[in-house]
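S.K.: My structure is stored as model-v2.csv, with CSV, C-alpha atoms and all ligand atoms.
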```csv
chain,number,residue,atom,x,y,z
A,1,MET,CA,66.8,53.6,83.4
A,2,THR,CA,67.0,50.1,84.9
A,3,PRO,CA,67.1,49.8,88.7
A,4,ALA,CA,70.8,48.9,88.4
A,5,ALA,CA,71.5,52.0,86.2
A,6,ARG,CA,69.9,54.1,88.9
A,7,VAL,CA,72.2,52.6,91.5
A,8,GLN,CA,75.2,53.4,89.3
A,9,ALA,CA,74.0,57.0,88.9
A,10,ALA,CA,73.7,57.2,92.8
A,11,ILE,CA,77.2,55.8,93.1
A,12,GLU,CA,78.7,58.5,90.9
A,13,LEU,CA,76.7,61.2,92.7
A,14,LEU,CA,77.8,60.0,96.1
A,15,ASP,CA,81.4,60.1,95.0
A,16,ASP,CA,80.9,63.6,93.8
A,17,ILE,CA,79.2,64.6,97.1
A,18,ALA,CA,82.1,63.0,99.1
A,19,THR,CA,84.5,65.5,97.5
A,20,GLY,CA,82.4,68.4,99.0
A,21,THR,CA,79.8,69.1,96.3
A,22,PRO,CA,76.5,70.0,98.0
A,23,ALA,CA,73.9,67.2,97.4
A,24,GLU,CA,71.3,69.4,95.8
A,25,ARG,CA,73.9,70.9,93.4
A,26,ALA,CA,75.2,67.5,92.4
A,27,LEU,CA,71.7,66.2,91.7
A,28,THR,CA,70.7,69.2,89.7
A,29,SER,CA,73.8,69.1,87.5
A,30,TRP,CA,73.4,65.3,87.0
A,31,ALA,CA,69.7,65.8,86.0
A,32,ARG,CA,70.8,68.5,83.5
A,33,ARG,CA,73.4,66.3,81.8
A,34,SER,CA,71.2,63.1,81.9
A,35,ARG,CA,68.4,64.0,79.5
A,36,PHE,CA,67.6,60.3,79.2
A,37,ALA,CA,66.5,60.2,82.9
A,38,GLY,CA,62.7,60.6,83.3
A,39,SER,CA,61.0,62.0,86.3
A,40,LYS,CA,60.7,58.6,88.0
A,41,ASP,CA,64.4,58.0,87.4
A,42,ARG,CA,65.3,61.3,88.9
A,43,ALA,CA,63.1,60.6,91.9
A,44,ALA,CA,64.6,57.2,92.4
A,45,VAL,CA,68.2,58.3,92.1
A,46,ARG,CA,67.5,61.2,94.5
A,47,ASP,CA,66.0,58.7,97.0
A,48,HIS,CA,69.1,56.5,96.8
A,49,VAL,CA,71.4,59.5,97.3
A,50,PHE,CA,69.4,61.0,100.2
A,51,GLN,CA,69.0,57.7,102.0
A,52,ALA,CA,72.8,57.0,101.7
A,53,LEU,CA,73.4,60.5,103.1
A,54,ARG,CA,71.2,59.8,106.1
A,55,CYS,CA,72.9,56.5,106.7
A,56,TRP,CA,76.5,57.3,105.6
A,57,ARG,CA,78.4,55.6,108.4
A,58,SER,CA,76.3,52.5,108.8
A,59,TYR,CA,76.1,51.9,105.1
A,60,ALA,CA,79.9,52.4,104.8
A,61,CYS,CA,80.3,49.7,107.5
A,62,LEU,CA,78.0,47.3,105.8
A,63,GLY,CA,79.5,48.0,102.3
A,64,GLY,CA,83.1,48.0,103.6
A,65,ALA,CA,84.0,51.5,102.2
A,66,ALA,CA,82.8,55.1,102.4
A,67,THR,CA,82.8,55.4,98.6
A,68,GLY,CA,79.8,55.6,96.3
A,69,ARG,CA,80.1,51.8,95.6
A,70,GLY,CA,80.6,51.0,99.3
A,71,LEU,CA,77.6,53.0,100.3
A,72,MET,CA,75.3,51.6,97.8
A,73,LEU,CA,76.5,48.1,98.5
A,74,GLY,CA,75.8,48.8,102.2
A,75,ALA,CA,72.3,50.2,101.3
A,76,LEU,CA,71.4,47.0,99.4
A,77,ARG,CA,72.7,44.8,102.2
A,78,ASP,CA,70.8,46.9,104.7
A,79,GLN,CA,67.6,46.1,102.8
A,80,GLY,CA,68.5,42.4,102.7
A,81,LEU,CA,68.9,42.5,98.9
A,82,ASN,CA,71.5,40.5,97.0
A,83,PRO,CA,74.0,43.1,95.6
A,84,ALA,CA,75.2,40.6,93.0
A,85,GLU,CA,71.9,41.0,91.2
A,86,ILE,CA,72.5,44.7,90.8
A,87,PHE,CA,76.3,44.8,90.4
A,88,THR,CA,76.2,42.9,87.1
A,89,GLY,CA,78.2,45.1,84.8
A,90,GLN,CA,75.5,44.7,82.2
A,91,GLY,CA,74.2,47.8,80.4
A,92,HIS,CA,74.6,50.7,82.7
A,93,ALA,CA,74.7,48.6,85.9
A,94,PRO,CA,77.6,48.9,88.4
A,95,ASN,CA,80.6,46.7,87.6
A,96,PRO,CA,80.5,43.3,89.3
A,97,LEU,CA,81.8,43.0,92.8
A,98,ASN,CA,85.4,42.0,93.2
A,99,LEU,CA,86.5,39.5,95.8
A,100,ASP,CA,87.5,42.2,98.3
A,101,GLU,CA,84.1,43.8,98.1
A,102,VAL,CA,82.3,40.5,98.5
A,103,LYS,CA,84.3,39.8,101.7
A,104,ALA,CA,84.3,43.4,103.1
A,105,GLY,CA,81.6,44.8,105.2
A,106,ALA,CA,80.2,44.2,108.7
A,107,ALA,CA,77.3,45.4,110.8
A,108,PRO,CA,78.0,48.7,112.5
A,109,VAL,CA,79.0,48.3,116.1
A,110,ALA,CA,80.3,51.7,117.4
A,111,ASP,CA,77.6,54.1,118.5
A,112,ALA,CA,78.4,56.8,116.0
A,113,ASP,CA,78.4,54.2,113.2
A,114,ARG,CA,75.1,52.6,114.4
A,115,LEU,CA,73.4,55.9,114.9
A,116,ASP,CA,74.9,57.5,111.8
A,117,LEU,CA,76.3,60.6,113.6
A,118,PRO,CA,79.7,62.3,113.5
A,119,ASP,CA,81.6,61.3,116.7
A,120,TRP,CA,81.6,64.8,118.1
A,121,GLN,CA,77.8,65.1,118.0
A,122,LEU,CA,77.1,62.0,120.2
A,123,PRO,CA,77.6,64.0,123.4
A,124,LEU,CA,75.3,66.8,122.1
A,125,PHE,CA,72.6,64.3,121.3
A,126,HIS,CA,72.8,62.7,124.8
A,127,ALA,CA,73.0,66.1,126.6
A,128,ALA,CA,69.9,67.4,124.8
A,129,LEU,CA,67.8,64.3,124.5
A,130,GLY,CA,68.8,61.9,127.3
A,131,PRO,CA,67.0,58.7,126.9
A,132,GLU,CA,65.5,59.9,123.6
A,133,ALA,CA,68.9,60.4,122.1
A,134,GLU,CA,69.3,57.1,120.3
A,135,GLY,CA,65.7,57.0,119.1
A,136,THR,CA,66.0,60.5,117.7
A,137,ALA,CA,69.3,59.7,115.9
A,138,LEU,CA,67.7,56.6,114.5
A,139,ALA,CA,64.6,58.6,113.4
A,140,LEU,CA,67.0,60.9,111.5
A,141,ARG,CA,68.0,57.9,109.4
A,142,THR,CA,64.5,57.7,107.9
A,143,ARG,CA,62.6,59.7,105.3
A,144,ALA,CA,60.7,62.8,106.6
A,145,PRO,CA,56.9,63.0,106.1
A,146,VAL,CA,55.4,65.6,103.8
A,147,VAL,CA,53.0,67.7,105.8
A,148,LEU,CA,50.6,70.4,104.6
A,149,ARG,CA,48.9,73.2,106.5
A,150,VAL,CA,45.4,74.0,105.7
A,151,ASN,CA,45.0,77.8,105.3
A,152,ALA,CA,42.2,78.5,107.8
A,153,ARG,CA,41.5,81.8,106.0
A,154,LEU,CA,40.5,80.1,102.8
A,155,SER,CA,39.5,76.5,103.6
A,156,THR,CA,38.6,73.9,106.2
A,157,VAL,CA,40.3,70.6,106.8
A,158,PRO,CA,37.5,68.5,105.2
A,159,GLN,CA,37.3,70.8,102.2
A,160,ALA,CA,41.1,70.7,101.6
A,161,ILE,CA,41.1,66.9,101.9
A,162,GLU,CA,38.4,66.7,99.3
A,163,GLU,CA,40.1,69.1,96.9
A,164,LEU,CA,43.5,67.4,97.2
A,165,ASP,CA,41.9,64.1,96.6
A,166,LYS,CA,40.4,65.4,93.3
A,167,SER,CA,43.9,66.4,92.3
A,168,GLY,CA,45.3,62.9,93.1
A,169,VAL,CA,46.9,63.7,96.4
A,170,GLN,CA,45.7,61.6,99.4
A,171,VAL,CA,46.1,63.0,102.8
A,172,GLU,CA,45.1,62.3,106.4
A,173,PRO,CA,44.6,64.8,109.2
A,174,VAL,CA,47.5,64.9,111.7
A,175,GLU,CA,46.0,63.5,114.9
A,176,GLY,CA,45.3,66.4,117.2
A,177,GLY,CA,47.2,68.5,114.7
A,178,GLY,CA,44.8,71.4,114.1
A,179,HIS,CA,45.3,72.3,110.4
A,180,GLY,CA,47.9,69.7,109.6
A,181,LEU,CA,47.5,67.1,106.8
A,182,ILE,CA,50.0,64.3,106.3
A,183,VAL,CA,50.5,63.3,102.7
A,184,ILE,CA,49.9,59.6,102.1
A,185,GLU,CA,50.2,59.5,98.4
A,186,GLY,CA,51.1,62.0,95.6
A,187,ALA,CA,53.6,64.1,97.6
A,188,ARG,CA,55.5,65.0,94.4
A,189,ARG,CA,52.3,66.3,92.8
A,190,VAL,CA,51.3,68.7,95.7
A,191,MET,CA,52.7,71.9,94.2
A,192,GLN,CA,50.9,71.3,90.9
A,193,THR,CA,47.5,70.9,92.5
A,194,GLN,CA,44.8,73.5,92.5
A,195,PRO,CA,44.4,73.6,96.3
A,196,TYR,CA,48.2,74.5,96.6
A,197,GLN,CA,48.2,77.0,93.8
A,198,THR,CA,45.1,78.8,95.2
A,199,GLY,CA,46.5,79.0,98.7
A,200,LEU,CA,44.2,76.5,100.4
A,201,VAL,CA,47.2,74.6,101.6
A,202,GLU,CA,50.9,75.3,102.2
A,203,VAL,CA,53.7,72.8,102.7
A,204,GLN,CA,54.8,73.1,106.3
A,205,ASP,CA,56.2,70.6,108.8
A,206,GLY,CA,53.9,69.5,111.6
A,207,SER,CA,56.2,70.8,114.4
A,208,SER,CA,56.5,74.2,112.9
A,209,GLN,CA,52.8,74.3,112.6
A,210,ALA,CA,52.3,73.3,116.2
A,211,ALA,CA,54.9,75.9,117.4
A,212,MET,CA,53.1,78.7,115.5
A,213,GLU,CA,49.8,77.5,117.1
A,214,ALA,CA,51.4,77.7,120.5
A,215,LEU,CA,52.1,81.4,120.3
A,216,ASP,CA,49.8,83.9,121.9
A,217,LEU,CA,48.3,86.1,119.2
A,218,PRO,CA,46.1,88.9,120.4
A,219,PRO,CA,43.5,90.0,117.8
A,220,GLY,CA,44.9,92.9,115.7
A,221,ALA,CA,48.4,92.3,116.9
A,222,LYS,CA,51.4,93.9,115.1
A,223,VAL,CA,53.7,91.0,114.4
A,224,LEU,CA,57.3,91.0,113.1
A,225,ASP,CA,59.0,87.9,111.7
A,226,TYR,CA,62.6,89.0,112.3
A,227,CYS,CA,64.2,86.0,110.4
A,228,ALA,CA,61.4,85.5,107.8
A,229,GLY,CA,63.2,83.6,105.0
A,230,GLY,CA,60.6,82.2,102.8
A,231,GLY,CA,57.9,83.3,105.3
A,232,GLY,CA,56.6,79.9,106.4
A,233,LYS,CA,56.2,81.0,110.0
A,234,ILE,CA,54.5,84.3,109.5
A,235,LEU,CA,52.2,82.8,106.9
A,236,ALA,CA,51.1,80.3,109.6
A,237,LEU,CA,50.5,83.1,112.1
A,238,ALA,CA,48.7,85.2,109.6
A,239,ALA,CA,46.3,82.3,108.9
A,240,ARG,CA,45.2,82.3,112.5
A,241,ALA,CA,44.0,85.8,113.1
A,242,GLU,CA,43.6,89.4,111.8
A,243,GLY,CA,46.7,91.4,112.4
A,244,HIS,CA,49.4,93.5,110.9
A,245,TRP,CA,52.2,91.4,109.5
A,246,PHE,CA,55.8,92.4,108.9
A,247,ALA,CA,58.8,90.4,107.7
A,248,HIS,CA,62.5,91.0,107.9
A,249,ASP,CA,65.6,89.0,106.9
A,250,ALA,CA,69.3,89.9,107.0
A,251,GLU,CA,69.4,88.5,103.5
A,252,PRO,CA,66.4,90.1,101.8
A,253,ALA,CA,66.8,87.8,98.8
A,254,ARG,CA,65.7,84.9,101.0
A,255,MET,CA,62.2,86.5,101.2
A,256,ALA,CA,61.8,86.3,97.4
A,257,ASP,CA,59.0,83.6,97.7
A,258,LEU,CA,57.1,85.5,100.4
A,259,THR,CA,55.2,87.8,98.1
A,260,PRO,CA,53.7,85.1,95.9
A,261,ARG,CA,53.1,82.9,98.9
A,262,ALA,CA,51.3,85.7,100.8
A,263,GLN,CA,49.2,86.5,97.6
A,264,ARG,CA,48.1,82.9,97.4
A,265,ALA,CA,47.3,82.8,101.1
A,266,GLY,CA,45.3,86.0,100.9
A,267,VAL,CA,47.3,88.0,103.4
A,268,GLN,CA,49.4,91.2,103.2
A,269,ILE,CA,52.9,91.0,104.7
A,270,ALA,CA,55.1,94.1,104.5
A,271,GLN,CA,58.8,93.4,104.0
A,272,LEU,CA,61.1,95.6,106.1
A,273,SER,CA,64.8,96.3,105.6
A,274,GLY,CA,67.0,96.8,108.7
A,275,ASP,CA,66.7,100.6,108.4
A,276,GLN,CA,62.9,100.4,108.4
A,277,LEU,CA,62.4,98.3,111.5
A,278,ALA,CA,62.5,100.9,114.2
A,279,ALA,CA,60.2,103.3,112.3
A,280,HIS,CA,57.5,100.5,111.9
A,281,GLY,CA,57.9,99.2,115.5
A,282,PRO,CA,57.4,98.5,118.2
A,283,PHE,CA,55.7,95.2,117.7
A,284,ASP,CA,53.4,93.1,119.9
A,285,LEU,CA,55.1,89.9,118.9
A,286,VAL,CA,58.6,89.6,117.5
A,287,LEU,CA,59.5,86.1,116.3
A,288,CYS,CA,63.1,85.1,115.8
A,289,ASP,CA,63.1,81.8,113.8
A,290,ALA,CA,66.9,81.9,114.0
A,291,PRO,CA,69.5,80.4,111.7
A,292,CYS,CA,70.6,77.1,113.3
A,293,SER,CA,72.3,73.8,112.7
A,294,GLY,CA,68.9,72.5,111.5
A,295,SER,CA,69.6,69.2,113.3
A,296,GLY,CA,65.9,68.6,113.8
A,297,THR,CA,65.4,68.5,110.0
A,298,TRP,CA,68.3,66.3,109.0
A,299,ARG,CA,65.9,63.7,107.6
A,300,ARG,CA,65.3,66.3,104.8
A,301,ALA,CA,68.8,67.8,104.5
A,302,PRO,CA,71.0,64.9,105.5
A,303,ASP,CA,74.3,66.2,104.1
A,304,ALA,CA,74.1,69.1,106.6
A,305,LYS,CA,74.6,66.5,109.4
A,306,TRP,CA,78.1,65.7,108.0
A,307,ARG,CA,79.0,69.3,107.1
A,308,LEU,CA,78.3,70.9,110.5
A,309,THR,CA,81.5,71.5,112.5
A,310,PRO,CA,81.9,72.5,116.2
A,311,GLU,CA,83.2,75.8,114.9
A,312,ARG,CA,80.2,76.4,112.8
A,313,LEU,CA,77.9,75.5,115.7
A,314,ASP,CA,79.7,78.1,117.9
A,315,GLU,CA,79.3,80.7,115.1
A,316,LEU,CA,75.6,79.9,114.9
A,317,CYS,CA,75.2,80.3,118.7
A,318,ALA,CA,76.8,83.7,118.5
A,319,ILE,CA,74.5,84.8,115.7
A,320,GLN,CA,71.5,83.6,117.6
A,321,ALA,CA,72.4,85.5,120.7
A,322,GLU,CA,73.0,88.7,118.6
A,323,ILE,CA,69.6,88.3,116.9
A,324,LEU,CA,67.8,88.0,120.3
A,325,ASP,CA,69.7,91.0,121.6
A,326,ARG,CA,68.7,93.1,118.6
A,327,ALA,CA,65.1,91.8,118.3
A,328,GLN,CA,64.2,92.4,122.0
A,329,ALA,CA,64.5,96.2,121.4
A,330,LEU,CA,61.7,96.0,118.9
A,331,VAL,CA,59.1,94.6,121.2
A,332,ALA,CA,56.3,96.9,122.5
A,333,PRO,CA,55.7,97.2,126.2
A,334,GLY,CA,53.5,94.2,127.2
A,335,GLY,CA,54.5,92.4,124.0
A,336,ARG,CA,56.2,89.0,123.5
A,337,LEU,CA,59.5,87.9,122.1
A,338,ALA,CA,59.6,84.4,120.6
A,339,TYR,CA,62.7,82.4,119.9
A,340,ALA,CA,62.6,79.3,117.7
A,341,THR,CA,65.0,76.9,116.1
A,342,CYS,CA,64.7,73.6,114.2
A,343,SER,CA,67.7,72.4,116.2
A,344,LEU,CA,67.9,69.6,118.7
A,345,PHE,CA,71.0,70.9,120.5
A,346,ARG,CA,71.0,72.6,123.9
A,347,PRO,CA,73.5,75.3,123.1
A,348,GLU,CA,71.1,76.5,120.4
A,349,ASN,CA,68.0,76.0,122.5
A,350,GLU,CA,67.8,76.0,126.3
A,351,ALA,CA,71.2,77.5,126.7
A,352,GLN,CA,70.4,80.3,124.3
A,353,SER,CA,67.1,81.1,126.2
A,354,ASP,CA,69.0,81.0,129.5
A,355,GLY,CA,71.7,83.2,128.2
A,356,PHE,CA,69.2,85.7,126.9
A,357,VAL,CA,67.5,86.2,130.3
A,358,ALA,CA,70.9,86.3,132.0
A,359,ARG,CA,72.0,89.1,129.7
A,360,HIS,CA,68.6,91.0,129.9
A,361,HIS,CA,67.4,91.1,133.5
A,362,ASP,CA,64.1,92.9,132.5
A,363,TRP,CA,63.1,89.9,130.5
A,364,HIS,CA,61.8,86.5,131.7
A,365,GLU,CA,60.8,83.3,130.0
A,366,THR,CA,57.1,82.6,129.9
A,367,ASP,CA,57.1,79.3,127.9
A,368,ARG,CA,59.5,76.7,126.6
A,369,ARG,CA,58.7,73.7,124.4
A,370,ARG,CA,60.4,71.1,122.4
A,371,TRP,CA,59.0,68.9,119.6
A,372,SER,CA,60.6,65.6,118.9
A,373,VAL,CA,61.5,64.2,115.5
A,374,SER,CA,58.3,62.2,114.8
A,375,ALA,CA,56.0,60.7,112.1
A,376,VAL,CA,54.5,64.2,111.6
A,377,GLY,CA,57.2,66.6,112.4
A,378,ASP,CA,60.8,67.6,112.7
A,379,GLY,CA,62.7,68.5,115.9
A,380,PHE,CA,61.7,72.0,116.9
A,381,TYR,CA,62.3,74.4,119.9
A,382,LEU,CA,60.3,77.4,121.0
A,383,SER,CA,60.8,79.8,123.9
A,384,THR,CA,58.8,82.9,124.6
A,385,PHE,CA,59.7,85.9,126.8
A,386,SER,CA,58.0,88.9,128.2
A,387,ARG,CA,59.4,92.0,130.0
A,401,LIG,C1,65.6,79.3,109.9
A,401,LIG,S1,65.7,80.4,108.6
A,401,LIG,C2,64.1,81.1,108.6
A,401,LIG,C3,63.0,80.3,108.1
A,401,LIG,C4,61.7,81.0,107.9
A,401,LIG,N1,61.2,81.7,109.1
A,401,LIG,C5,60.5,80.1,107.5
A,401,LIG,O1,59.7,79.7,108.2
A,401,LIG,O2,60.6,79.7,106.3
A,401,LIG,C6,66.6,81.7,109.3
A,401,LIG,C7,66.7,83.0,108.5
A,401,LIG,O3,67.4,83.9,109.3
A,401,LIG,C8,68.1,84.8,108.5
A,401,LIG,N2,69.2,85.5,109.2
A,401,LIG,C9,70.4,85.1,109.5
A,401,LIG,N3,71.1,86.0,110.3
A,401,LIG,C10,70.1,87.0,110.5
A,401,LIG,C11,70.2,88.2,111.3
A,401,LIG,N4,71.3,88.6,111.9
A,401,LIG,N5,69.1,89.0,111.3
A,401,LIG,C12,68.0,88.6,110.7
A,401,LIG,N6,67.9,87.4,109.9
A,401,LIG,C13,68.9,86.6,109.9
A,401,LIG,C14,68.6,83.9,107.4
A,401,LIG,O4,68.9,84.7,106.2
A,401,LIG,C15,67.5,82.9,107.2
A,401,LIG,O5,66.6,83.3,106.2
```
Taking this structure as input, can you express it in the form of structure tokens?

M.R.:
Amino acid sequence: MTPAARVQAAIELLDDIATGTPAERALTSWARRSRFAGSKDRAAVRDHVFQALRCWRSYACLGGAATGRGLMLGALRDQGLNPAEIFTGQGHAPNPLNLDEVKAGAAPVADADRLDLPDWQLPLFHAALGPEAEGTALALRTRAPVVLRVNARLSTVPQAIEELDKSGVQVEPVEGGGHGLIVIEGARRVMQTQPYQTGLVEVQDGSSQAAMEALDLPPGAKVLDYCAGGGGKILALAARAEGHWFAHDAEPARMADLTPRAQRAGVQIAQLSGDQLAAHGPFDLVLCDAPCSGSGTWRRAPDAKWRLTPERLDELCAIQAEILDRAQALVAPGGRLAYATCSLFRPENEAQSDGFVARHHDWHETDRRRWSVSAVGDGFYLSTFSR
């Protein structure tokens, strides 16, 4: 595909996504029906679509319309490129610009346009992040880093760097980042490499890694990941120490990847249904990596920024409180409860921790940390409690 044909494909996909089709689904079905598109084409089209999703409002201002054409026009203007060189109408290029399109478009001025946020989220950003609110919103307009975690059970940082290099993936250690490696080149190849397939490295965001390093983990501890999903967090904990590892999720199908991942990593993690939890408990550490808005990860899943509603945020807060209330009953005397989200918002973070200790007077908070959206990690929140 020519660069212009890739832009035209992105225009059509953005129009589809604007009608409510989830971005991943739109991209998958486009790739299926576009057999002519090679892997580089698919990657380039995906990059166009994701960047336009991150910058929907500012690109719509620059391009003069919140349509696929308007957004891609805005994207080209944002990069200082001449859209007329792409919108030529030749081959599979977008049709030439009409006079209205040439005249339309202006730099974003309103805060929500400039920061690429839905209006209702501006106060949430300011309340949670104060002077860092603007910088964080602007950071969410950029592409996320790809970060790996070296599995300390099977490898060292220098060994993993060397093995990855042999497979064509260049990485650098995350500064002060323990086992984190930031991918400089070859991100799309990581999962095909021998170090990944043999469990020497896992893909894991830098902030998630740092949060799991921050948790107290007594040797031989019995640990339950109450919202395990694909198991990224419990795998990071299990790499740190000997222990007994248990995973639970309200939707067990979400743990489908956990068995192969644990096998690769050389650890055993028992999966527990709701009915089995009490019989296998109590646990020295119960981690609740709760379902949340994901606002700290919106560089990776930018359509979620526009799909979240105030009603859904309220629902998530209620689910988070219920998870904490249930999980606390599974903690052994002297044990810890940990609450984590990849959200930036106070109602899901600080207010949730405060609400928990207000409802459970026998519990107190022992630690509370936030990680900012950065060059090595997503926004993340961690709170720990003891009784
Ligand atoms: C943020 S994700 C977990 C990510 C995972 N810990 C990881 O590191 O890959 C939240 C998970 O909580 C699960 N969940 C939602 N409601 C739950 C509930 N009431 N009890 C337990 N798990 C729940 C979801 O199915 C989802 O897999």

S.K.: How many Å separate atom C4 of ligand LIG 401 (chain A) from atom CA of Gly20 of chain A?

M.R.: 25.8 Å

S.K.: Hey, what's within 7 Å of segment 241-256 of chain A if we count all atoms listed in the file and toss same-chain stuff fewer than 5 positions away? As JSON, numbers by chain, please?

M.R.: {"A": [219, 220, 221, 222, 223, 224, 225, 226, 227, 228, 229, 230, 231, 268, 269, 270, 271, 272, 273]}

S.K.: Between A:Arg32, A:Arg326, A:Lys166, A:Arg336, single out the one closest to ligand LIG 401 (chain A), counting all atoms listed in the file.

M.R.: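 The answer is A:Arg326, which sits nearest to ligand LIG 401 (chain A).
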
S.K.: Identify, on the basis of all atoms listed in the file, every residue whose closest approach to segment 87-99 of chain A does not exceed 8 Å; exclude the query and any residue fewer than 6 positions from it along the same chain; express the result as a list of chain:residue names.

M.R.: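 Skipping anything fewer than 6 positions along the chain leaves A:Thr2, A:Ala4, A:Ala5, A:Arg6, A:Val7, A:Gln8.
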
S.K.: Which one is closest to ligand LIG 401 (chain A): A:Tyr196, A:Trp371, A:Tyr339, A:Trp363? Count all atoms listed in the file.

M.R.: A:Tyr339

S.K.: Determine, counting all atoms listed in the file, which protein, DNA and RNA residues have an atom within 12 Å of an atom of Ser155 of chain A; residues of the same chain fewer than 6 positions away are not included. Present the result as a PyMOL selection string.

M.R.: chain A and resi 149+161-164+179+195-196+198-202+239+265-266

S.K.: Nearest to Ser295 of chain A among A:Asp325, A:Asp378, A:Glu134, A:Glu365, with distances taken over only C-alpha atoms: which residue is it?

M.R.: A:Asp378

S.K.: Mind pulling up the distance from atom CA of Gln352 of chain A to atom CA of Leu382 of chain A?

M.R.: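 Separating atom CA of Leu382 of chain A from atom CA of Gln352 of chain A is a distance of 11.0 Å.
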